[in-house]
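**Student:** Below: one structure in structure tokens.
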Protein chains: 2
Amino acid sequence: MLPTVIRPYPALRPGDRVAAVAPAGPFDRASFEAGLGVIAERYRVHFDSGIWSRHRYLAGGDVRRLAELSAALADPQVKAVFCARGGYGTLRLLAGLNGVSPSPKPLVGFSDIAAIHAWLQREGQVSVHGPVLTQLGKLGASTHERLFSLLEATAPAAPLTGTETCVEGVAEGPLLGGNLAVLTRLLGTPFLPPLDGAILLLEDVGERPYSLDRMWTHLALAGIFRRIRGIVLGSFTGCEERDADYTSGEVLRDLATATGLPCAAGFPIGHGDLNEPVPLGVRVRLDAHERRLSFLESAAR
Amino acid sequence: MLPTVIRPYPALRPGDRVAAVAPAGPFDRASFEAGLGVIAERYRVHFDSGIWSRHRYLAGGDVRRLAELSAALADPQVKAVFCARGGYGTLRLLAGLNGVSPSPKPLVGFSDIAAIHAWLQREGQVSVHGPVLTQLGKLGASTHERLFSLLEATAPAAPLTGTETCVEGVAEGPLLGGNLAVLTRLLGTPFLPPLDGAILLLEDVGERPYSLDRMWTHLALAGIFRRIRGIVLGSFTGCEERDADYTSGEVLRDLATATGLPCAAGFPIGHGDLNEPVPLGVRVRLDAHERRLSFLESAAR
């Protein structure tokens, strides 16, 4: 199979029409409206009234969520798609998404949304690993500016810096991945992102160290570390074991060391107090020694 | 690929030499010794002093655990292998196990041990989904008798009865599977059990309903429900969401209904107060209407 060509999206302009969707879990209304407020200052935001639906741990049934997401992805008048929240639910939509032809546009979100990112990269589209709407209002103006710049500027994003070198080295490739738990749920399915030669981004929340080990080992048994070139670790929030004499950071460092791939940790990406938006599918350079992630291509064209 | 032929193990006799191993997590000594007491009344139990090792969430390093397990599996003088505890750790041994030639014998355990069961069935061996040693002492005499009978009798095991029909129907095939979380960690790897035509056993502990849905959906996306013939649900212990207006049982029933496969739930297998041992790899008949699991072949020869 030929490598997937992943293309930048058309740059947004202020005043463009954009959509808010809830393809995963139900969400807090006030947090959602705070996030809407941030993007409504810049774009005309549309969302369906069904977005408030709730069925168990889902923002409405699969039919509703798939219809909402498919319509937003396919409609050429919708210039970007913002996800309300992660949680759980996108995996249930993947089989249905396979019938959708997305018009080129950025989709913004993270966590459970990683499964949609993976699908978009298979479709050859760059998307944005960044705050969901319920998180956006809690983040600072500089993160909002970075998001708008990613959506609108036809220049590469500013580099990000991590806090720790796990394995020395330098590597280049398309940035792919996101939430570790969600990514591993794509192993053995037709929905894994095109990982060959990639720099793999991983983050997670609320997973105990043994569980991080189990998911990472799953990636290893599936041969993923033989296919990728480097590893970027974002936030692993609430991942410590109570009363343990080891940390999740130590566990992750040992696992990274076993891969032998350049790896740096502590990037401000994920469920922590910071969640800097980054484009998935664009070529990046990871300098693990300098703990620097540089973006070599623009996400927008 | 030809279907894997899974063969019964040589029947044990009282006085036989057997091994205790800890391929996964560290364990409570008193519970372990209570379990040892049960099997020591019947067999000569050997274990390595290294079994008490502890490294983070593991019963010692991978080298120790792999050496202990490999030796027990390969030694023809060891007539059965009993696992001390599940937890986490067997996934880390699978790549190393691929160099081992196991002499035919039953291995007893469940939960994290499901990954070793899967490997043994790939090697063409029946094994026993049943109590780990730390659990065995807490179970009743009838369960101990059932275990000894499975190991020693050359007749099929007595049938088990569940509590609920999820999807009507009757199906036959080899019983395979075990812990849902562990089984899904084998998707996309070379270590999945030979599931074609199987009756799939699933159980779990401490997973929230959305997480059960996520794992089940992973099996679906990987095409597993197109390969198997029926589903046997054991205990799903501590799997309820606090203050929810739905139960894990309802979630599982909906997921089972979507497969269209005969399915019955509530079998006394797993992390609950009962954990009746069952042979994996032998041909069974599931009558979902009658909620009955019948064993059509002997586990021992």
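We name chains A, B, ... following the order of the structure tokens; residues begin at 1 in each chain, and ligands are numbered from 1 as shown.
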Counting only C-alpha atoms, a student should be able to say which residues of chain A come within 8 Å of chain B; what is the right answer, written as a PyMOL selection string?
**Tutor:** chain A and resi 56-57+88-89+91-92+95+185-190+210+214-215+217-218+221-223+244-246
**Student:** Could the residues in this selection be saved with N, CA and C atoms as a PDB file, in the first residue's frame?
**Tutor:**
```
ATOM      1  N   ARG A  56     -27.486   7.453  28.291  1.00  0.00           N
ATOM      2  CA  ARG A  56     -26.451   6.855  29.139  1.00  0.00           C
ATOM      3  C   ARG A  56     -25.206   7.747  29.114  1.00  0.00           C
ATOM      4  N   TYR A  57     -24.061   7.227  28.655  1.00  0.00           N
ATOM      5  CA  TYR A  57     -22.791   7.977  28.643  1.00  0.00           C
ATOM      6  C   TYR A  57     -22.528   8.622  27.282  1.00  0.00           C
ATOM      7  N   TYR A  88     -16.605   9.239  25.753  1.00  0.00           N
ATOM      8  CA  TYR A  88     -16.600   8.018  24.970  1.00  0.00           C
ATOM      9  C   TYR A  88     -17.717   8.068  23.953  1.00  0.00           C
ATOM     10  N   GLY A  89     -17.479   7.521  22.775  1.00  0.00           N
ATOM     11  CA  GLY A  89     -18.555   7.380  21.803  1.00  0.00           C
ATOM     12  C   GLY A  89     -18.121   7.375  20.351  1.00  0.00           C
ATOM     13  N   LEU A  91     -15.778   5.703  18.788  1.00  0.00           N
ATOM     14  CA  LEU A  91     -15.517   4.364  18.230  1.00  0.00           C
ATOM     15  C   LEU A  91     -16.796   3.767  17.643  1.00  0.00           C
ATOM     16  N   ARG A  92     -17.917   4.073  18.269  1.00  0.00           N
ATOM     17  CA  ARG A  92     -19.197   3.510  17.818  1.00  0.00           C
ATOM     18  C   ARG A  92     -19.620   4.064  16.470  1.00  0.00           C
ATOM     19  N   ALA A  95     -17.531   2.779  11.822  1.00  0.00           N
ATOM     20  CA  ALA A  95     -18.013   1.973  10.696  1.00  0.00           C
ATOM     21  C   ALA A  95     -18.933   2.808   9.817  1.00  0.00           C
ATOM     22  N   ARG A 185      -7.375   1.232  20.993  1.00  0.00           N
ATOM     23  CA  ARG A 185      -8.663   0.606  20.632  1.00  0.00           C
ATOM     24  C   ARG A 185      -8.843   0.514  19.126  1.00  0.00           C
ATOM     25  N   LEU A 186      -7.887   1.056  18.366  1.00  0.00           N
ATOM     26  CA  LEU A 186      -7.930   0.944  16.909  1.00  0.00           C
ATOM     27  C   LEU A 186      -7.020  -0.169  16.407  1.00  0.00           C
ATOM     28  N   LEU A 187      -6.211  -0.755  17.277  1.00  0.00           N
ATOM     29  CA  LEU A 187      -5.299  -1.824  16.862  1.00  0.00           C
ATOM     30  C   LEU A 187      -6.113  -3.034  16.401  1.00  0.00           C
ATOM     31  N   GLY A 188      -5.717  -3.600  15.289  1.00  0.00           N
ATOM     32  CA  GLY A 188      -6.429  -4.774  14.779  1.00  0.00           C
ATOM     33  C   GLY A 188      -7.711  -4.426  14.052  1.00  0.00           C
ATOM     34  N   THR A 189      -7.985  -3.136  13.839  1.00  0.00           N
ATOM     35  CA  THR A 189      -9.175  -2.699  13.109  1.00  0.00           C
ATOM     36  C   THR A 189      -8.730  -1.976  11.833  1.00  0.00           C
ATOM     37  N   PRO A 190      -9.654  -1.683  10.922  1.00  0.00           N
ATOM     38  CA  PRO A 190      -9.272  -0.933   9.706  1.00  0.00           C
ATOM     39  C   PRO A 190      -9.133   0.564   9.964  1.00  0.00           C
ATOM     40  N   TYR A 210       0.011   0.686  35.791  1.00  0.00           N
ATOM     41  CA  TYR A 210      -0.029  -0.652  35.181  1.00  0.00           C
ATOM     42  C   TYR A 210      -0.882  -0.623  33.911  1.00  0.00           C
ATOM     43  N   ARG A 214       0.063  -1.589  30.177  1.00  0.00           N
ATOM     44  CA  ARG A 214      -0.702  -2.572  29.397  1.00  0.00           C
ATOM     45  C   ARG A 214      -1.025  -2.036  28.006  1.00  0.00           C
ATOM     46  N   MET A 215      -1.396  -0.749  27.944  1.00  0.00           N
ATOM     47  CA  MET A 215      -1.725  -0.163  26.639  1.00  0.00           C
ATOM     48  C   MET A 215      -0.469  -0.009  25.784  1.00  0.00           C
ATOM     49  N   THR A 217       2.250  -1.769  26.006  1.00  0.00           N
ATOM     50  CA  THR A 217       2.660  -3.121  25.616  1.00  0.00           C
ATOM     51  C   THR A 217       1.798  -3.636  24.470  1.00  0.00           C
ATOM     52  N   HIS A 218       0.535  -3.225  24.460  1.00  0.00           N
ATOM     53  CA  HIS A 218      -0.334  -3.583  23.334  1.00  0.00           C
ATOM     54  C   HIS A 218       0.219  -2.994  22.036  1.00  0.00           C
ATOM     55  N   LEU A 221       3.234  -5.126  21.098  1.00  0.00           N
ATOM     56  CA  LEU A 221       2.897  -6.453  20.561  1.00  0.00           C
ATOM     57  C   LEU A 221       2.312  -6.342  19.158  1.00  0.00           C
ATOM     58  N   ALA A 222       1.674  -5.203  18.875  1.00  0.00           N
ATOM     59  CA  ALA A 222       1.097  -4.992  17.543  1.00  0.00           C
ATOM     60  C   ALA A 222       2.138  -4.477  16.549  1.00  0.00           C
ATOM     61  N   GLY A 223       3.384  -4.287  17.004  1.00  0.00           N
ATOM     62  CA  GLY A 223       4.465  -3.917  16.090  1.00  0.00           C
ATOM     63  C   GLY A 223       4.536  -2.430  15.770  1.00  0.00           C
ATOM     64  N   ALA A 244       2.367   4.571  46.010  1.00  0.00           N
ATOM     65  CA  ALA A 244       3.338   3.775  45.255  1.00  0.00           C
ATOM     66  C   ALA A 244       4.733   4.366  45.410  1.00  0.00           C
ATOM     67  N   ASP A 245       5.753   3.528  45.290  1.00  0.00           N
ATOM     68  CA  ASP A 245       7.132   4.008  45.327  1.00  0.00           C
ATOM     69  C   ASP A 245       7.666   4.194  43.898  1.00  0.00           C
ATOM     70  N   TYR A 246       6.778   4.371  42.932  1.00  0.00           N
ATOM     71  CA  TYR A 246       7.150   4.642  41.543  1.00  0.00           C
ATOM     72  C   TYR A 246       6.111   5.581  40.963  1.00  0.00           C
TER      73      TYR A 246
END
```
**Student:** With only C-alpha atoms as the counted atoms, please give the residues lying no more than 8 Å from segment 146-159 of chain B, apart from itself and same-chain residues fewer than 3 positions off, as an MDAnalysis selection string.
**Tutor:** chainID B and resid 11:13 106 130 142:143 276:279 292:301
**Student:** Can you work out which one of B:Ile116, B:Gly124, B:Glu172, B:Ala67 has the shortest atom-to-atom distance to Tyr9 of chain B, counting only C-alpha atoms?
**Tutor:**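 Selected residue with least distance to Tyr9 of chain B: B:Gly124.
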**Student:** So which residues touch Leu202 of chain B within 8 Å, counting only C-alpha atoms, skipping near sequence neighbours fewer than 5 positions away, as a PyMOL selection string?
**Tutor:** chain B and resi 177-180+231-234
**Student:** Could you go through segment 79-214 of chain B and tell me which residues DSSP, when run on the backbone, assigns to strand (DSSP E), listing them as JSON, numbers by chain?
**Tutor:** {"B": [81, 82, 83, 107, 108, 109, 127, 128, 129, 160, 161, 164, 165, 166, 167, 170, 171, 172, 173, 174, 175, 176, 177, 178, 179, 199, 200, 201, 202, 203, 204, 205]}
**Student:** Run DSSP on the backbone and give me the residues of segment 145-187 of chain B it puts in alpha helix (DSSP H), as a ChimeraX atom specification.
**Tutor:** /B:145-152,180-184
**Student:** How far is it from atom CA of Ala71 of chain B to atom CA of Ala24 of chain B, in Å with one decimal?
**Tutor:** 15.6 Å
**Student:** Between B:Leu93, B:Ala19, B:Val128, B:Val63, which residue has the minimum interatomic distance to Asp75 of chain B, considering only C-alpha atoms?
**Tutor:** B:Ala19
